[in-house]
Amino acid sequence: MAEQKYDVVVIGGGMGGMCAGALAAKEGWRTLVLEKRPMIGGRFSTETVEGFKIMTGAPFIHQSGWVPKVCKEVGVEFDRTPCLDVAYWVKGVEYKLPLEHRMNAMFEICNRIAANKAKLMGAMVKEIGTQMIMTNIHKAIADPEKVPTLTTKEWLLRYTDNEDLHGIYDAICVGMLMAHSYEIPVYNFFHFMATQHGFNDVDLSTYGNLPNMEKLAGVVKGNGEVWLNSSAKKVLVGKNGATGVVVDKEGKEIEVGCKVVISNIGIRETVQLSGEENFTEDYLSDMRVKMRPAPITIIHVASEQPLCMASGETGAMLVANARRITDAIPLTNSCPELAPKGQHLTWACATPPSVLAPIDPDEEERQCLKDMDMVFPDWKKKGGRILKMEIRNIDHDLPEGRTWLGPNYNMAVETPVKNVFNVGDAVCAPGIGGTSGCAESAKRVVEKVKKQRLAK
């Protein structure tokens, strides 16, 4: 085995890995980023299919989040286009929400639907019911610690059984927290509401995610390398911690010496590479309980006309009470550069009835196709065709997320193995998730390495 030496080796070129690599290189540490795929980005990358630039996963960058902060620190700027509008799809109708007071607007929509049906649906058709829920929501957001031990759905059932409102809440939980409202504790929901802005301040990558990620790779290459088609096979651990990584680089095994290993491939995978025997039982127990990778189906649809938000709104549509589809984004309303001229591209996300169990891919495909006809009834008349439907089970290496968002599920960036750290959505700080959480974890790890002078 040939040997090369670096200060820092980053395993995995997703958002967390590339931010960590760029920050490390900026510190003056000789840095190597390993990516087993032929392109960087992980769940924040872009593939080209029939001339369309389709997302490999996450579409959004928060304007006020950690991705812009890290980019500024390393001297790059992402190409971004605002994507601020939000609509709800309820029983075949799209309801656009204002930029401000969206929670109030959500209740008004549900009241209107109930009133139009001339039915009493829980307390929601009564103004006093809306006020009661809003009052309790504000109390819970102000102090999530005081909410009862219930699921999010159970908490909402205390005030209303309005099926439309429950459907909207479920879509929010799945989209933001990576678990259904009837699965995730309400504490996590309100903790998120207290610390996040939801869809209120998000952007899309104007030309696709990959060109933006390549800007971070450029920073790494200023003081290191990025190896594509290169898999980490083993983290070498001695009595004083990590000493290097064994890499399969395009079929050739290479031993890479280093002082620090930063993993962006998930905690379970980090443990496997580093040897389970090197981790404490408490750490392994936490990993078994807290790591809850969520299955997801991502549907990329080409069409000659927009399939949703047809007036040209630049934002996302949340879907209530469909079989699988929970949200859709007409990407080309914001970024026409993602499709050939005159064509449109829609990204849709679908979630199975439970995120805790393995899924049947064939059944997920059947149900998603039924939802396509229900949510976008004229999609075929608009020249629609599915470019790609990717069904990712709980054991996929790019799940929707590696754990549910919330302080009860995320783990620490440090590991029991000295000089081995994790970044990514399994170790986000409380209240921060998605791409922003990945970038924040990278910043936190690099600060710890700097403080401990591990890479010197």
# chains A, B, ... in the order shown; residues from 1 in each chain; ligands from 1

$ select_by_dssp --residues "stretch 144-385 of chain A" --states "strand (DSSP E)" --output "ChimeraX atom specification"
/A:202-205,224-227,230-238,241-249,252-257,260-263,296-303,315-319,325-330,344-350,385

$ select_by_dssp --residues "stretch 283-404 of chain A" --states "helix (DSSP H, G or I)" --output "CSV table (one decimal) with all heavy atoms, in the first residue's frame"
chain,number,residue,atom,x,y,z
A,283,TYR,N,-22.0,4.8,24.0
A,283,TYR,CA,-22.1,5.5,22.7
A,283,TYR,C,-22.8,4.6,21.7
A,283,TYR,O,-23.7,5.0,20.9
A,283,TYR,CB,-20.7,5.7,22.1
A,283,TYR,CG,-20.6,6.5,20.8
A,283,TYR,CD1,-20.6,7.9,20.9
A,283,TYR,CD2,-20.6,5.9,19.6
A,283,TYR,CE1,-20.6,8.6,19.7
A,283,TYR,CE2,-20.5,6.6,18.4
A,283,TYR,CZ,-20.5,8.0,18.5
A,283,TYR,OH,-20.5,8.7,17.3
A,284,LEU,N,-22.6,3.3,21.7
A,284,LEU,CA,-23.2,2.3,20.8
A,284,LEU,C,-24.7,2.2,21.1
A,284,LEU,O,-25.6,2.1,20.2
A,284,LEU,CB,-22.6,0.9,20.9
A,284,LEU,CG,-21.1,0.9,20.4
A,284,LEU,CD1,-20.6,-0.5,20.7
A,284,LEU,CD2,-21.0,1.2,19.0
A,285,SER,N,-25.1,2.3,22.4
A,285,SER,CA,-26.5,2.3,22.8
A,285,SER,C,-27.2,3.5,22.3
A,285,SER,O,-28.3,3.4,21.8
A,285,SER,CB,-26.6,2.2,24.4
A,285,SER,OG,-27.9,2.3,24.8
A,286,ASP,N,-26.6,4.7,22.5
A,286,ASP,CA,-27.1,5.9,21.9
A,286,ASP,C,-27.4,5.8,20.4
A,286,ASP,O,-28.4,6.2,19.9
A,286,ASP,CB,-26.2,7.1,22.2
A,286,ASP,CG,-26.7,7.9,23.4
A,286,ASP,OD1,-27.6,7.5,24.1
A,286,ASP,OD2,-26.0,8.9,23.7
A,287,MET,N,-26.4,5.3,19.7
A,287,MET,CA,-26.5,5.1,18.3
A,287,MET,C,-27.7,4.2,17.9
A,287,MET,O,-28.4,4.6,17.0
A,287,MET,CB,-25.2,4.5,17.8
A,287,MET,CG,-25.2,4.2,16.3
A,287,MET,SD,-23.7,3.2,15.8
A,287,MET,CE,-24.2,1.6,16.4
A,288,ARG,N,-27.8,3.1,18.6
A,288,ARG,CA,-28.9,2.2,18.3
A,288,ARG,C,-30.3,2.8,18.5
A,288,ARG,O,-31.2,2.6,17.8
A,288,ARG,CB,-28.8,0.9,19.1
A,288,ARG,CG,-27.6,0.1,18.7
A,288,ARG,CD,-27.7,-1.3,19.3
A,288,ARG,NE,-27.4,-1.2,20.8
A,288,ARG,CZ,-26.2,-1.4,21.3
A,288,ARG,NH1,-25.1,-1.7,20.5
A,288,ARG,NH2,-26.0,-1.4,22.6
A,289,VAL,N,-30.4,3.7,19.6
A,289,VAL,CA,-31.7,4.3,19.9
A,289,VAL,C,-32.0,5.5,19.1
A,289,VAL,O,-33.1,5.7,18.6
A,289,VAL,CB,-31.7,4.6,21.4
A,289,VAL,CG1,-33.0,5.5,21.7
A,289,VAL,CG2,-31.7,3.4,22.2
A,290,LYS,N,-31.0,6.3,18.8
A,290,LYS,CA,-31.2,7.7,18.3
A,290,LYS,C,-31.2,7.7,16.7
A,290,LYS,O,-31.8,8.6,16.1
A,290,LYS,CB,-30.2,8.7,18.9
A,290,LYS,CG,-30.4,8.9,20.3
A,290,LYS,CD,-29.4,9.9,20.9
A,290,LYS,CE,-29.7,10.2,22.3
A,290,LYS,NZ,-28.7,11.2,22.9
A,331,LEU,N,-39.7,23.7,-9.5
A,331,LEU,CA,-38.3,24.2,-9.5
A,331,LEU,C,-38.1,25.3,-10.6
A,331,LEU,O,-37.5,26.3,-10.3
A,331,LEU,CB,-37.3,23.1,-9.7
A,331,LEU,CG,-37.2,22.1,-8.6
A,331,LEU,CD1,-36.3,21.0,-9.0
A,331,LEU,CD2,-36.8,22.7,-7.3
A,332,THR,N,-38.7,25.1,-11.7
A,332,THR,CA,-38.4,26.0,-12.8
A,332,THR,C,-39.2,27.3,-12.7
A,332,THR,O,-38.9,28.3,-13.5
A,332,THR,CB,-38.6,25.3,-14.2
A,332,THR,OG1,-39.8,24.5,-14.1
A,332,THR,CG2,-37.5,24.5,-14.6
A,333,ASN,N,-40.2,27.4,-11.8
A,333,ASN,CA,-40.8,28.7,-11.5
A,333,ASN,C,-39.7,29.6,-11.0
A,333,ASN,O,-39.7,30.8,-11.2
A,333,ASN,CB,-41.9,28.5,-10.5
A,333,ASN,CG,-43.2,28.0,-11.2
A,333,ASN,OD1,-43.2,27.6,-12.3
A,333,ASN,ND2,-44.3,28.1,-10.4
A,334,SER,N,-38.8,29.1,-10.2
A,334,SER,CA,-37.7,29.9,-9.6
A,334,SER,C,-36.5,29.9,-10.5
A,334,SER,O,-35.8,30.9,-10.7
A,334,SER,CB,-37.4,29.4,-8.2
A,334,SER,OG,-38.5,29.3,-7.3
A,336,PRO,N,-35.5,28.6,-14.0
A,336,PRO,CA,-35.7,28.1,-15.4
A,336,PRO,C,-34.4,27.4,-16.0
A,336,PRO,O,-34.5,26.6,-16.9
A,336,PRO,CB,-36.2,29.3,-16.2
A,336,PRO,CG,-35.7,30.5,-15.5
A,336,PRO,CD,-35.7,30.1,-14.0
A,337,GLU,N,-33.3,27.8,-15.4
A,337,GLU,CA,-32.0,27.2,-15.9
A,337,GLU,C,-31.9,25.7,-15.6
A,337,GLU,O,-31.0,25.0,-16.2
A,337,GLU,CB,-30.8,27.9,-15.2
A,337,GLU,CG,-30.7,29.4,-15.5
A,337,GLU,CD,-31.6,30.2,-14.5
A,337,GLU,OE1,-32.4,29.6,-13.7
A,337,GLU,OE2,-31.4,31.5,-14.5
A,338,LEU,N,-32.8,25.1,-14.8
A,338,LEU,CA,-32.7,23.7,-14.5
A,338,LEU,C,-33.3,22.8,-15.5
A,338,LEU,O,-33.3,21.6,-15.4
A,338,LEU,CB,-33.4,23.5,-13.1
A,338,LEU,CG,-32.8,24.2,-11.9
A,338,LEU,CD1,-33.6,23.9,-10.7
A,338,LEU,CD2,-31.3,23.8,-11.8
A,361,PRO,N,-40.6,-1.4,-2.1
A,361,PRO,CA,-40.5,-0.4,-3.1
A,361,PRO,C,-41.5,-0.5,-4.2
A,361,PRO,O,-42.0,0.6,-4.7
A,361,PRO,CB,-39.1,-0.8,-3.7
A,361,PRO,CG,-38.4,-1.4,-2.6
A,361,PRO,CD,-39.4,-2.2,-1.8
A,362,ASP,N,-42.0,-1.7,-4.5
A,362,ASP,CA,-43.1,-1.8,-5.6
A,362,ASP,C,-44.4,-1.1,-5.1
A,362,ASP,O,-45.0,-0.5,-5.9
A,362,ASP,CB,-43.3,-3.3,-5.9
A,362,ASP,CG,-42.1,-3.9,-6.6
A,362,ASP,OD1,-41.3,-3.2,-7.2
A,362,ASP,OD2,-42.0,-5.1,-6.5
A,363,GLU,N,-44.7,-1.3,-3.8
A,363,GLU,CA,-45.9,-0.7,-3.3
A,363,GLU,C,-45.8,0.8,-3.2
A,363,GLU,O,-46.7,1.5,-3.5
A,363,GLU,CB,-46.2,-1.3,-1.9
A,363,GLU,CG,-47.4,-0.7,-1.2
A,363,GLU,CD,-48.7,-1.0,-2.0
A,363,GLU,OE1,-48.7,-1.9,-2.9
A,363,GLU,OE2,-49.7,-0.3,-1.7
A,364,GLU,N,-44.6,1.3,-2.9
A,364,GLU,CA,-44.4,2.7,-2.8
A,364,GLU,C,-44.6,3.3,-4.2
A,364,GLU,O,-45.2,4.4,-4.4
A,364,GLU,CB,-43.0,3.1,-2.3
A,364,GLU,CG,-42.8,2.7,-0.8
A,364,GLU,CD,-43.9,3.3,0.1
A,364,GLU,OE1,-44.1,4.5,0.1
A,364,GLU,OE2,-44.6,2.5,0.7
A,365,GLU,N,-44.0,2.7,-5.2
A,365,GLU,CA,-44.2,3.2,-6.6
A,365,GLU,C,-45.6,3.2,-7.0
A,365,GLU,O,-46.1,4.2,-7.6
A,365,GLU,CB,-43.4,2.3,-7.6
A,365,GLU,CG,-43.5,2.8,-9.0
A,365,GLU,CD,-42.6,2.0,-10.0
A,365,GLU,OE1,-41.9,1.1,-9.5
A,365,GLU,OE2,-42.7,2.3,-11.2
A,366,ARG,N,-46.4,2.2,-6.7
A,366,ARG,CA,-47.8,2.1,-7.0
A,366,ARG,C,-48.6,3.3,-6.4
A,366,ARG,O,-49.4,4.0,-7.0
A,366,ARG,CB,-48.4,0.8,-6.6
A,366,ARG,CG,-48.2,-0.4,-7.5
A,366,ARG,CD,-49.0,-1.6,-7.2
A,366,ARG,NE,-48.7,-2.2,-5.9
A,366,ARG,CZ,-47.8,-3.1,-5.7
A,366,ARG,NH1,-47.1,-3.6,-6.8
A,366,ARG,NH2,-47.5,-3.6,-4.6
A,367,GLN,N,-48.3,3.5,-5.1
A,367,GLN,CA,-49.1,4.5,-4.4
A,367,GLN,C,-48.6,5.9,-4.8
A,367,GLN,O,-49.5,6.9,-4.9
A,367,GLN,CB,-48.8,4.4,-2.9
A,367,GLN,CG,-49.4,3.1,-2.3
A,367,GLN,CD,-50.9,2.9,-2.5
A,367,GLN,OE1,-51.6,3.9,-2.5
A,367,GLN,NE2,-51.3,1.7,-2.7
A,368,CYS,N,-47.4,6.1,-5.1
A,368,CYS,CA,-46.9,7.4,-5.7
A,368,CYS,C,-47.6,7.7,-7.0
A,368,CYS,O,-47.9,8.9,-7.2
A,368,CYS,CB,-45.4,7.4,-5.8
A,368,CYS,SG,-44.5,7.5,-4.2
A,369,LEU,N,-47.7,6.8,-7.8
A,369,LEU,CA,-48.3,7.0,-9.1
A,369,LEU,C,-49.8,7.4,-9.0
A,369,LEU,O,-50.3,8.2,-9.7
A,369,LEU,CB,-48.2,5.8,-10.0
A,369,LEU,CG,-46.8,5.5,-10.5
A,369,LEU,CD1,-46.7,4.2,-11.3
A,369,LEU,CD2,-46.3,6.6,-11.4
A,370,LYS,N,-50.5,6.7,-8.0
A,370,LYS,CA,-51.9,7.1,-7.7
A,370,LYS,C,-51.9,8.6,-7.2
A,370,LYS,O,-52.8,9.3,-7.6
A,370,LYS,CB,-52.4,6.2,-6.7
A,370,LYS,CG,-52.7,4.8,-7.1
A,370,LYS,CD,-53.3,3.9,-6.0
A,370,LYS,CE,-53.6,2.5,-6.5
A,370,LYS,NZ,-54.2,1.7,-5.4
A,371,ASP,N,-51.0,8.9,-6.4
A,371,ASP,CA,-50.9,10.3,-5.9
A,371,ASP,C,-50.6,11.3,-7.0
A,371,ASP,O,-51.2,12.4,-7.0
A,371,ASP,CB,-49.9,10.5,-4.8
A,371,ASP,CG,-50.4,10.2,-3.4
A,371,ASP,OD1,-51.6,9.9,-3.3
A,371,ASP,OD2,-49.6,10.3,-2.5
A,372,MET,N,-49.8,10.9,-8.0
A,372,MET,CA,-49.6,11.8,-9.1
A,372,MET,C,-50.9,12.2,-9.8
A,372,MET,O,-51.1,13.3,-10.2
A,372,MET,CB,-48.6,11.2,-10.1
A,372,MET,CG,-47.1,11.1,-9.6
A,372,MET,SD,-46.4,12.7,-9.6
A,372,MET,CE,-46.5,13.3,-11.3
A,373,ASP,N,-51.7,11.2,-10.0
A,373,ASP,CA,-53.0,11.4,-10.7
A,373,ASP,C,-53.9,12.2,-9.8
A,373,ASP,O,-54.8,13.0,-10.3
A,373,ASP,CB,-53.6,10.1,-11.0
A,373,ASP,CG,-52.9,9.3,-12.1
A,373,ASP,OD1,-52.2,10.0,-12.9
A,373,ASP,OD2,-52.9,8.1,-12.2
A,374,MET,N,-53.8,12.1,-8.5
A,374,MET,CA,-54.7,12.8,-7.6
A,374,MET,C,-54.3,14.2,-7.4
A,374,MET,O,-55.1,15.2,-7.5
A,374,MET,CB,-54.8,12.1,-6.2
A,374,MET,CG,-55.8,12.8,-5.3
A,374,MET,SD,-56.0,11.9,-3.7
A,374,MET,CE,-54.4,12.2,-2.9
A,375,VAL,N,-53.0,14.4,-7.1
A,375,VAL,CA,-52.5,15.8,-6.8
A,375,VAL,C,-52.3,16.6,-8.1
A,375,VAL,O,-52.5,17.8,-8.1
A,375,VAL,CB,-51.1,15.7,-6.0
A,375,VAL,CG1,-50.6,17.0,-5.7
A,375,VAL,CG2,-51.4,14.9,-4.7

$ closest_residue --among "A:Thr326, A:Thr31, A:Thr46, A:Thr206" --to "A:Gly218" --atoms "only C-alpha atoms"
A:Thr31

$ atom_distance --atom1 "atom CA of A:Glu400" --atom2 "atom CA of A:Leu356"
12.3 Å

$ residues_around --residues "stretch 429-440 of chain A" --least-positions-apart "5" --cutoff "10 Å" --atoms "only C-alpha atoms" --output "PyMOL selection string"
chain A and resi 14-20+43-44+58-71+176-177+188-196+264+400-401+404-413+423-424+445

$ residues_around --residues "A:Val417" --least-positions-apart "2" --cutoff "8 Å" --atoms "only C-alpha atoms" --output "list in words"
Val237, Gly241, Ala242, Asn278, Phe279, Thr415, Asn419 and Val420 of chain A

$ residues_around --residues "stretch 152-159 of chain A" --least-positions-apart "6" --cutoff "7 Å" --atoms "only C-alpha atoms" --output "list in words"
Ala123, Ile133, Ser181, Tyr182, Ile184, Pro185, Val186 and Phe189 of chain A

$ write_last_selection --atoms "C-alpha atoms" --output "CSV table (one decimal), in the first residue's frame"
chain,number,residue,atom,x,y,z
A,123,ALA,CA,-63.6,23.4,17.3
A,133,ILE,CA,-55.2,26.5,19.6
A,181,SER,CA,-47.1,13.7,13.3
A,182,TYR,CA,-48.3,10.5,14.8
A,184,ILE,CA,-42.7,12.2,16.6
A,185,PRO,CA,-43.1,13.8,20.1
A,186,VAL,CA,-44.7,17.2,20.1
A,189,PHE,CA,-42.3,19.9,16.8

$ residues_around --residues "A:Thr351" --least-positions-apart "3" --cutoff "10 Å" --atoms "only C-alpha atoms" --output "list in words"
Ala171, Val174, Gly175, Met178, Ala179, His180, Ala294, Pro295, Ile296, Thr297, Ile298, Ala322, Arg323, Arg324, Ile325, Thr326, Asp327, Ser354, Val355, Ile359, Glu364, Cys368, Ile391 and Glu400 of chain A

$ write_last_selection --atoms "C-alpha atoms" --output "CSV table (one decimal), in the first residue's frame"
chain,number,residue,atom,x,y,z
A,171,ALA,CA,-46.9,17.3,6.0
A,174,VAL,CA,-42.6,14.9,7.5
A,175,GLY,CA,-41.0,17.7,5.6
A,178,MET,CA,-38.5,13.6,9.0
A,179,ALA,CA,-41.3,11.8,10.9
A,180,HIS,CA,-45.0,11.7,10.8
A,294,ALA,CA,-36.0,7.9,7.2
A,295,PRO,CA,-37.1,6.3,3.9
A,296,ILE,CA,-38.1,8.6,1.1
A,297,THR,CA,-39.2,8.6,-2.5
A,298,ILE,CA,-38.1,11.5,-4.7
A,322,ALA,CA,-52.4,12.2,0.1
A,323,ARG,CA,-51.3,8.6,0.1
A,324,ARG,CA,-47.6,9.3,-0.1
A,325,ILE,CA,-46.8,12.7,-1.6
A,326,THR,CA,-46.2,15.4,1.1
A,327,ASP,CA,-44.7,18.3,-0.8
A,354,SER,CA,-44.3,4.9,8.8
A,355,VAL,CA,-40.7,6.1,8.7
A,359,ILE,CA,-40.7,-0.3,2.8
A,364,GLU,CA,-44.4,2.7,-2.8
A,368,CYS,CA,-46.9,7.4,-5.7
A,391,ILE,CA,-37.2,5.1,-3.8
A,400,GLU,CA,-34.1,11.5,3.8

$ closest_residue --among "A:Met213, A:Ile329, A:Ala142, A:Val247" --to "A:Val10" --atoms "only C-alpha atoms"
A:Val247

$ residues_around --residues "A:Ile265" --least-positions-apart "6" --cutoff "8 Å" --atoms "only C-alpha atoms" --output "list in words"
Ile11, Gly12, Asp397 and Gly424 of chain A
